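Student: The following block contains the structure, expressed as structure tokens.
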Amino acid sequence: MARVTIDGVSDFRPETSARFKLDSRTATVATKRKFDEQVAALDALRELPVENCTDPLRTALTNRNNFIVAKAADLVREFRLEQLVPDLLSAFDRFFQNAEKTDPQCWAKNALSKTLAAFEHQEAETFLRGVRHIQMEPVWGGRSDTAGTLRATCALALVQCRTLTEADLLAYWIELFADKDKTVRVEVLRAIAQLGSPSAALLLRARAVLGNDEPEVLGACYGGVLGIDGDSAIPWAAKFMASADDAAGEAALAISATNSIAAFECLKQHLLEAADPWWRSVLLSAIALCRQEIALEFLLTQVRTESLYAEGAIEAILRSGPSTETVQRLEEVVSANSRLARVFNKHRP
């Protein structure tokens, strides 16, 4: 019941309380209806000529609702409306103010930064603001940072800012090596790899040697070095396969991504020395992903001869995104063996 005061005397009025609850529910329903209408209006823009979408999206970017702004930013990127960059920047700035309340989960800032990056926006300070942002929000049992994706997007976007020297970039990125969000650490390492310079390769090698991080982070180091230094770095990356664990698996996949005969030879040698069944399956998958005819023929031979690796080879081939021709070749090989045919049918895409 609601408390009301008349001539200084307080009293409870049941009818006032009921009316208040009804008005509150009505307002909530009206707000949700308006929100749904705004979302539907944005979705409907895909049915219009792109030139008719500029003004509606400019208006949507001024909306107070962070979800609406995020959706509008995504559409601006989809329609390539680069003339709206000033509006994107204005919205981006707005959602840093009282960010926890105005942009929970960083939905708006994430979409806006992604669109600005896609448009190759050159103002470094825009992305540096995102890189430095930490947004603590309530979660069960305490508070948690929700700005990891924003920092990751902005860190990678710095690569395109021509006003920054390589030394500037490396200085900013090194500070993020200790970021608590794994996604940020991975994207920073990928950004370093995009520099493609000897200094970048050396920094990635140093980070890999230090270890003490999650497999995906170390995998970004291995892949970055191989991307810069090519096949000459395969022996270096192969050293990280000795542990035969998840990080070693990242090293194997990074080596396979070079799509070279040298990669296949390296992975084959490790396969022949592998004792652990899980590790063998990782190496077989990496060999399949080499995309080399010699690698495919090696796997098919394992199936033909019904070797120790036969079943794993079938699974590795079928999980590598094979061409129709490759699937047909494998099917022909297993057709004479009912056990292997069952394995084939189980994993067939």
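As shown in the structure tokens, the chain order sets the letters A, B, ...; within each chain, residues go from 1, and ligands are also counted from 1 in the order they appear.
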Running DSSP on the backbone, which parts of range 50-209 of chain A land in strand (DSSP E), as number ranges by chain?

Tutor: A: 136-139, 142-145

Student: List the neighbours of range 181-196 of chain A out to 8 Å using only C-alpha atoms; skip same-chain residues closer than 2 positions along the sequence, and give me the result as a compact mmCIF listing (two decimals) with N, CA and C atoms, in the first residue's frame.

Tutor:
```
# COMPACT_ATOMS: atom_id res chain seq x y z
N GLY A 148 36.40 -6.38 -22.23
CA GLY A 148 37.47 -7.13 -22.88
C GLY A 148 37.38 -7.11 -24.40
N THR A 149 36.18 -7.36 -24.92
CA THR A 149 36.00 -7.35 -26.38
C THR A 149 36.33 -5.99 -26.97
N ARG A 151 38.46 -3.74 -25.76
CA ARG A 151 39.93 -3.55 -25.76
C ARG A 151 40.57 -4.37 -26.88
N ALA A 152 40.07 -5.59 -27.09
CA ALA A 152 40.63 -6.45 -28.14
C ALA A 152 40.42 -5.84 -29.52
N THR A 153 39.21 -5.37 -29.78
CA THR A 153 38.89 -4.76 -31.08
C THR A 153 39.76 -3.53 -31.33
N ALA A 155 42.62 -2.69 -29.86
CA ALA A 155 44.05 -3.02 -29.94
C ALA A 155 44.42 -3.44 -31.36
N LEU A 156 43.58 -4.27 -31.95
CA LEU A 156 43.84 -4.72 -33.32
C LEU A 156 43.69 -3.59 -34.32
N VAL A 159 46.60 -1.10 -35.63
CA VAL A 159 47.52 -1.44 -36.73
C VAL A 159 47.35 -0.50 -37.91
N GLU A 166 55.98 1.98 -35.51
CA GLU A 166 56.04 0.61 -35.00
C GLU A 166 56.41 0.61 -33.52
N LEU A 170 54.15 -1.11 -30.55
CA LEU A 170 54.67 -2.16 -29.67
C LEU A 170 54.61 -1.74 -28.21
N TRP A 173 50.99 -2.15 -27.09
CA TRP A 173 50.57 -3.56 -27.04
C TRP A 173 51.24 -4.33 -25.90
N LEU A 176 49.47 -4.61 -22.77
CA LEU A 176 48.30 -5.48 -22.73
C LEU A 176 48.66 -6.96 -22.61
N PHE A 177 49.93 -7.28 -22.58
CA PHE A 177 50.34 -8.67 -22.43
C PHE A 177 49.78 -9.27 -21.13
N ALA A 178 49.59 -8.43 -20.13
CA ALA A 178 49.11 -8.92 -18.84
C ALA A 178 47.62 -8.69 -18.64
N ASP A 179 46.91 -8.32 -19.70
CA ASP A 179 45.47 -8.10 -19.57
C ASP A 179 44.80 -9.36 -19.04
N PRO A 198 60.81 -7.99 -38.50
CA PRO A 198 61.71 -8.79 -37.66
C PRO A 198 61.52 -8.50 -36.18
N ALA A 200 58.79 -7.57 -34.67
CA ALA A 200 57.55 -8.21 -34.24
C ALA A 200 57.75 -9.70 -34.03
N ALA A 201 58.47 -10.33 -34.95
CA ALA A 201 58.73 -11.77 -34.83
C ALA A 201 59.53 -12.08 -33.57
N LEU A 204 57.31 -11.83 -30.51
CA LEU A 204 56.44 -13.00 -30.41
C LEU A 204 57.20 -14.23 -29.94
N GLU A 214 47.48 -19.33 -21.46
CA GLU A 214 46.55 -20.30 -22.02
C GLU A 214 46.98 -20.70 -23.43
N GLU A 216 45.56 -20.89 -26.33
CA GLU A 216 45.20 -20.02 -27.45
C GLU A 216 46.14 -18.83 -27.55
N VAL A 217 46.57 -18.33 -26.41
CA VAL A 217 47.49 -17.18 -26.41
C VAL A 217 48.84 -17.60 -26.97
N ALA A 220 48.74 -18.08 -30.67
CA ALA A 220 48.85 -16.84 -31.45
C ALA A 220 50.31 -16.45 -31.65
N CYS A 221 51.15 -16.75 -30.66
CA CYS A 221 52.60 -16.49 -30.79
C CYS A 221 53.19 -17.38 -31.87
N GLY A 224 51.94 -16.40 -35.29
CA GLY A 224 52.49 -15.12 -35.72
C GLY A 224 53.92 -15.23 -36.23
N VAL A 225 54.75 -15.98 -35.50
CA VAL A 225 56.14 -16.16 -35.92
C VAL A 225 56.20 -16.90 -37.26
N GLY A 227 53.92 -16.99 -39.51
CA GLY A 227 53.40 -16.11 -40.56
C GLY A 227 54.43 -15.12 -41.05
N ILE A 228 55.31 -14.69 -40.16
CA ILE A 228 56.35 -13.72 -40.53
C ILE A 228 57.58 -14.41 -41.13
```

Student: Within 12 Å of range 49-52 of chain A, counting only C-alpha atoms, which residues show up once you throw out same-chain ones fewer than 4 positions away? Write them as a ChimeraX atom specification, please.

Tutor: /A:44-45,56-58,75-81,83

Student: Store the residues picked out above in a file with N, CA and C atoms, as a CSV table (one decimal), in the first residue's frame.

Tutor:
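Written output follows (part18.csv):
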```csv
chain,number,residue,atom,x,y,z
A,44,ALA,N,13.9,-3.4,-41.0
A,44,ALA,CA,13.2,-3.1,-42.3
A,44,ALA,C,14.1,-2.3,-43.2
A,45,LEU,N,15.2,-1.7,-42.7
A,45,LEU,CA,16.0,-0.9,-43.6
A,45,LEU,C,16.7,-1.8,-44.7
A,56,PRO,N,17.7,7.6,-41.3
A,56,PRO,CA,17.2,6.7,-40.2
A,56,PRO,C,18.4,6.2,-39.3
A,57,LEU,N,19.5,5.8,-39.9
A,57,LEU,CA,20.6,5.3,-39.1
A,57,LEU,C,21.3,6.4,-38.3
A,58,ARG,N,21.4,7.6,-38.9
A,58,ARG,CA,21.9,8.7,-38.2
A,58,ARG,C,21.1,9.0,-37.0
A,75,LEU,N,24.6,-2.0,-38.9
A,75,LEU,CA,24.0,-1.8,-40.2
A,75,LEU,C,24.8,-0.7,-41.0
A,76,VAL,N,25.3,0.3,-40.3
A,76,VAL,CA,26.2,1.3,-41.0
A,76,VAL,C,27.4,0.5,-41.6
A,77,ARG,N,27.9,-0.4,-40.9
A,77,ARG,CA,29.1,-1.2,-41.4
A,77,ARG,C,28.6,-2.1,-42.6
A,78,GLU,N,27.5,-2.7,-42.4
A,78,GLU,CA,27.0,-3.6,-43.5
A,78,GLU,C,26.7,-2.8,-44.8
A,79,PHE,N,26.2,-1.6,-44.6
A,79,PHE,CA,25.8,-0.8,-45.8
A,79,PHE,C,27.0,0.1,-46.3
A,80,ARG,N,28.1,0.0,-45.6
A,80,ARG,CA,29.3,0.8,-45.9
A,80,ARG,C,29.0,2.3,-46.0
A,81,LEU,N,28.3,2.8,-45.0
A,81,LEU,CA,27.9,4.3,-45.0
A,81,LEU,C,29.0,5.1,-44.3
A,83,GLN,N,30.1,7.9,-44.6
A,83,GLN,CA,29.8,9.3,-44.4
A,83,GLN,C,29.2,9.5,-43.0
```

Student: May I have the residues within 9 Å of Ile314 in chain A as a list in words, using only C-alpha atoms and disregarding those fewer than 6 positions away in the same chain?

Tutor: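 Counting only the stated atoms, we get Leu299, Leu300, Gln302, Val303, Leu330, Val334, Leu340, Val343, Phe344 and His347 of chain A.
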
Student: Deliver the residues from the most recent selection as a file, using N, CA and C atoms, as a PDB file, in the first residue's frame.

Tutor:
```
ATOM      1  N   LEU A 299      47.685 -39.951 -45.469  1.00  0.00           N
ATOM      2  CA  LEU A 299      46.535 -40.358 -44.647  1.00  0.00           C
ATOM      3  C   LEU A 299      45.746 -41.476 -45.316  1.00  0.00           C
ATOM      4  N   LEU A 300      45.546 -41.363 -46.624  1.00  0.00           N
ATOM      5  CA  LEU A 300      44.819 -42.418 -47.345  1.00  0.00           C
ATOM      6  C   LEU A 300      45.580 -43.738 -47.280  1.00  0.00           C
ATOM      7  N   GLN A 302      47.375 -44.732 -44.801  1.00  0.00           N
ATOM      8  CA  GLN A 302      47.128 -45.305 -43.475  1.00  0.00           C
ATOM      9  C   GLN A 302      45.810 -46.072 -43.450  1.00  0.00           C
ATOM     10  N   VAL A 303      44.833 -45.567 -44.198  1.00  0.00           N
ATOM     11  CA  VAL A 303      43.533 -46.228 -44.255  1.00  0.00           C
ATOM     12  C   VAL A 303      43.632 -47.502 -45.095  1.00  0.00           C
ATOM     13  N   LEU A 330      38.160 -41.170 -50.320  1.00  0.00           N
ATOM     14  CA  LEU A 330      38.200 -41.863 -49.039  1.00  0.00           C
ATOM     15  C   LEU A 330      37.131 -42.951 -48.967  1.00  0.00           C
ATOM     16  N   VAL A 334      37.620 -47.088 -48.098  1.00  0.00           N
ATOM     17  CA  VAL A 334      37.036 -47.802 -46.956  1.00  0.00           C
ATOM     18  C   VAL A 334      35.971 -48.811 -47.373  1.00  0.00           C
ATOM     19  N   LEU A 340      36.061 -49.914 -41.046  1.00  0.00           N
ATOM     20  CA  LEU A 340      36.455 -48.574 -41.447  1.00  0.00           C
ATOM     21  C   LEU A 340      35.305 -47.832 -42.119  1.00  0.00           C
ATOM     22  N   VAL A 343      33.333 -46.207 -39.438  1.00  0.00           N
ATOM     23  CA  VAL A 343      33.999 -44.992 -38.971  1.00  0.00           C
ATOM     24  C   VAL A 343      33.741 -43.854 -39.963  1.00  0.00           C
ATOM     25  N   PHE A 344      33.834 -44.160 -41.242  1.00  0.00           N
ATOM     26  CA  PHE A 344      33.583 -43.170 -42.285  1.00  0.00           C
ATOM     27  C   PHE A 344      32.173 -42.610 -42.176  1.00  0.00           C
ATOM     28  N   HIS A 347      31.529 -40.165 -39.207  1.00  0.00           N
ATOM     29  CA  HIS A 347      32.103 -38.818 -39.266  1.00  0.00           C
ATOM     30  C   HIS A 347      31.851 -38.107 -40.595  1.00  0.00           C
TER      31      HIS A 347
END
```

Student: Can you pull out every residue within 10 Å of range 286-291 of chain A, counting only C-alpha atoms, but drop anything in the same chain fewer than 6 positions away, and send it as an MDAnalysis selection string?

Tutor: chainID A and resid 249:268 271 280 297:299 313:322

Student: Once DSSP has gone over the backbone, tell me which residues of range 95-338 of chain A are in alpha helix (DSSP H), as an NGL selection string.

Tutor: :A and (99-102 or 107-118 or 124-131 or 148-157 or 166-174 or 182-195 or 198-210 or 215-229 or 234-238 or 246-256 or 261-273 or 277-288 or 293-304 or 310-318 or 324-334 or 338)

Student: Can you work out the spacing between CA of Gln105 in chain A and CA of Gln135 in chain A in Å, to one decimal?

Tutor: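 Going from CA of Gln105 in chain A over to CA of Gln135 in chain A, I get 8.3 Å.
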
Student: As a short mmCIF file (atom, residue, chain, number, x, y, z; two decimals) with C-alpha atoms, in the first residue's frame, please: the residues near Phe67 in chain A (cut-off 8 Å, only C-alpha atoms, same-chain neighbours under 3 positions excluded).

Tutor:
```
data_model
loop_
_atom_site.label_atom_id
_atom_site.label_comp_id
_atom_site.auth_asym_id
_atom_site.auth_seq_id
_atom_site.Cartn_x
_atom_site.Cartn_y
_atom_site.Cartn_z
CA ALA A 70 24.75 -1.26 -31.54
CA LYS A 71 22.31 -2.55 -34.14
CA TRP A 107 27.18 -3.49 -26.59
CA ALA A 108 27.22 -0.04 -28.20
#
```

Student: Find the spatial neighbours of Ala274 in chain A, counting only C-alpha atoms, within a cut-off of 10 Å - ignore same-chain residues fewer than 5 positions away - and output them as a short mmCIF file (atom, residue, chain, number, x, y, z; two decimals) with N, CA and C atoms, in the first residue's frame.

Tutor:
```cif
data_model
loop_
_atom_site.label_atom_id
_atom_site.label_comp_id
_atom_site.auth_asym_id
_atom_site.auth_seq_id
_atom_site.Cartn_x
_atom_site.Cartn_y
_atom_site.Cartn_z
N ALA A 242 56.84 -30.77 -27.83
CA ALA A 242 57.40 -31.82 -26.99
C ALA A 242 56.51 -32.18 -25.81
N ALA A 244 53.28 -32.40 -25.73
CA ALA A 244 52.11 -33.19 -26.16
C ALA A 244 50.85 -32.82 -25.38
N LYS A 268 54.55 -35.38 -39.62
CA LYS A 268 54.61 -36.82 -39.81
C LYS A 268 55.65 -37.45 -38.89
N GLN A 269 56.79 -36.80 -38.76
CA GLN A 269 57.84 -37.33 -37.90
C GLN A 269 57.37 -37.40 -36.45
N TRP A 279 47.23 -37.35 -28.54
CA TRP A 279 48.24 -36.57 -29.25
C TRP A 279 48.34 -37.02 -30.70
N ARG A 280 48.20 -38.33 -30.94
CA ARG A 280 48.22 -38.82 -32.32
C ARG A 280 47.05 -38.24 -33.11
N SER A 281 45.88 -38.15 -32.47
CA SER A 281 44.71 -37.60 -33.17
C SER A 281 44.91 -36.13 -33.53
N LEU A 283 47.82 -34.69 -34.14
CA LEU A 283 48.79 -34.64 -35.23
C LEU A 283 48.16 -35.06 -36.56
#
```

Student: Hey, can you check how far CA of Gly223 in chain A sits from CA of Ala310 in chain A?

Tutor: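 Computing it gives 28.4 Å between the two atoms.
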
Student: Could you build a table of the residues in range 70-103 of chain A lying no more than 10 Å from range 124-131 of chain A, giving for each the nearest pair of atoms and their separation in Å rounded to one decimal place, using only C-alpha atoms, ordered by chain and ascending residue number, as a Markdown table?

Tutor:
```
| residue | atom | partner | partner_atom | distance |
| --- | --- | --- | --- | --- |
| A:Leu89 | CA | A:Thr126 | CA | 8.1 |
| A:Phe92 | CA | A:Thr126 | CA | 8.7 |
| A:Asp93 | CA | A:Thr126 | CA | 8.7 |
| A:Phe96 | CA | A:Gly130 | CA | 9.1 |
```

Student: My list of candidates is A:Ala248, A:Ile174, A:Val139, A:Val69. Which is closest to Thr102 in chain A when distances are computed with only C-alpha atoms?

Tutor: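 The answer is A:Val69, which sits nearest to Thr102 in chain A.
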
Student: Mind pulling up the distance from CA of Val327 in chain A to CA of Leu272 in chain A?

Tutor: 24.7 Å
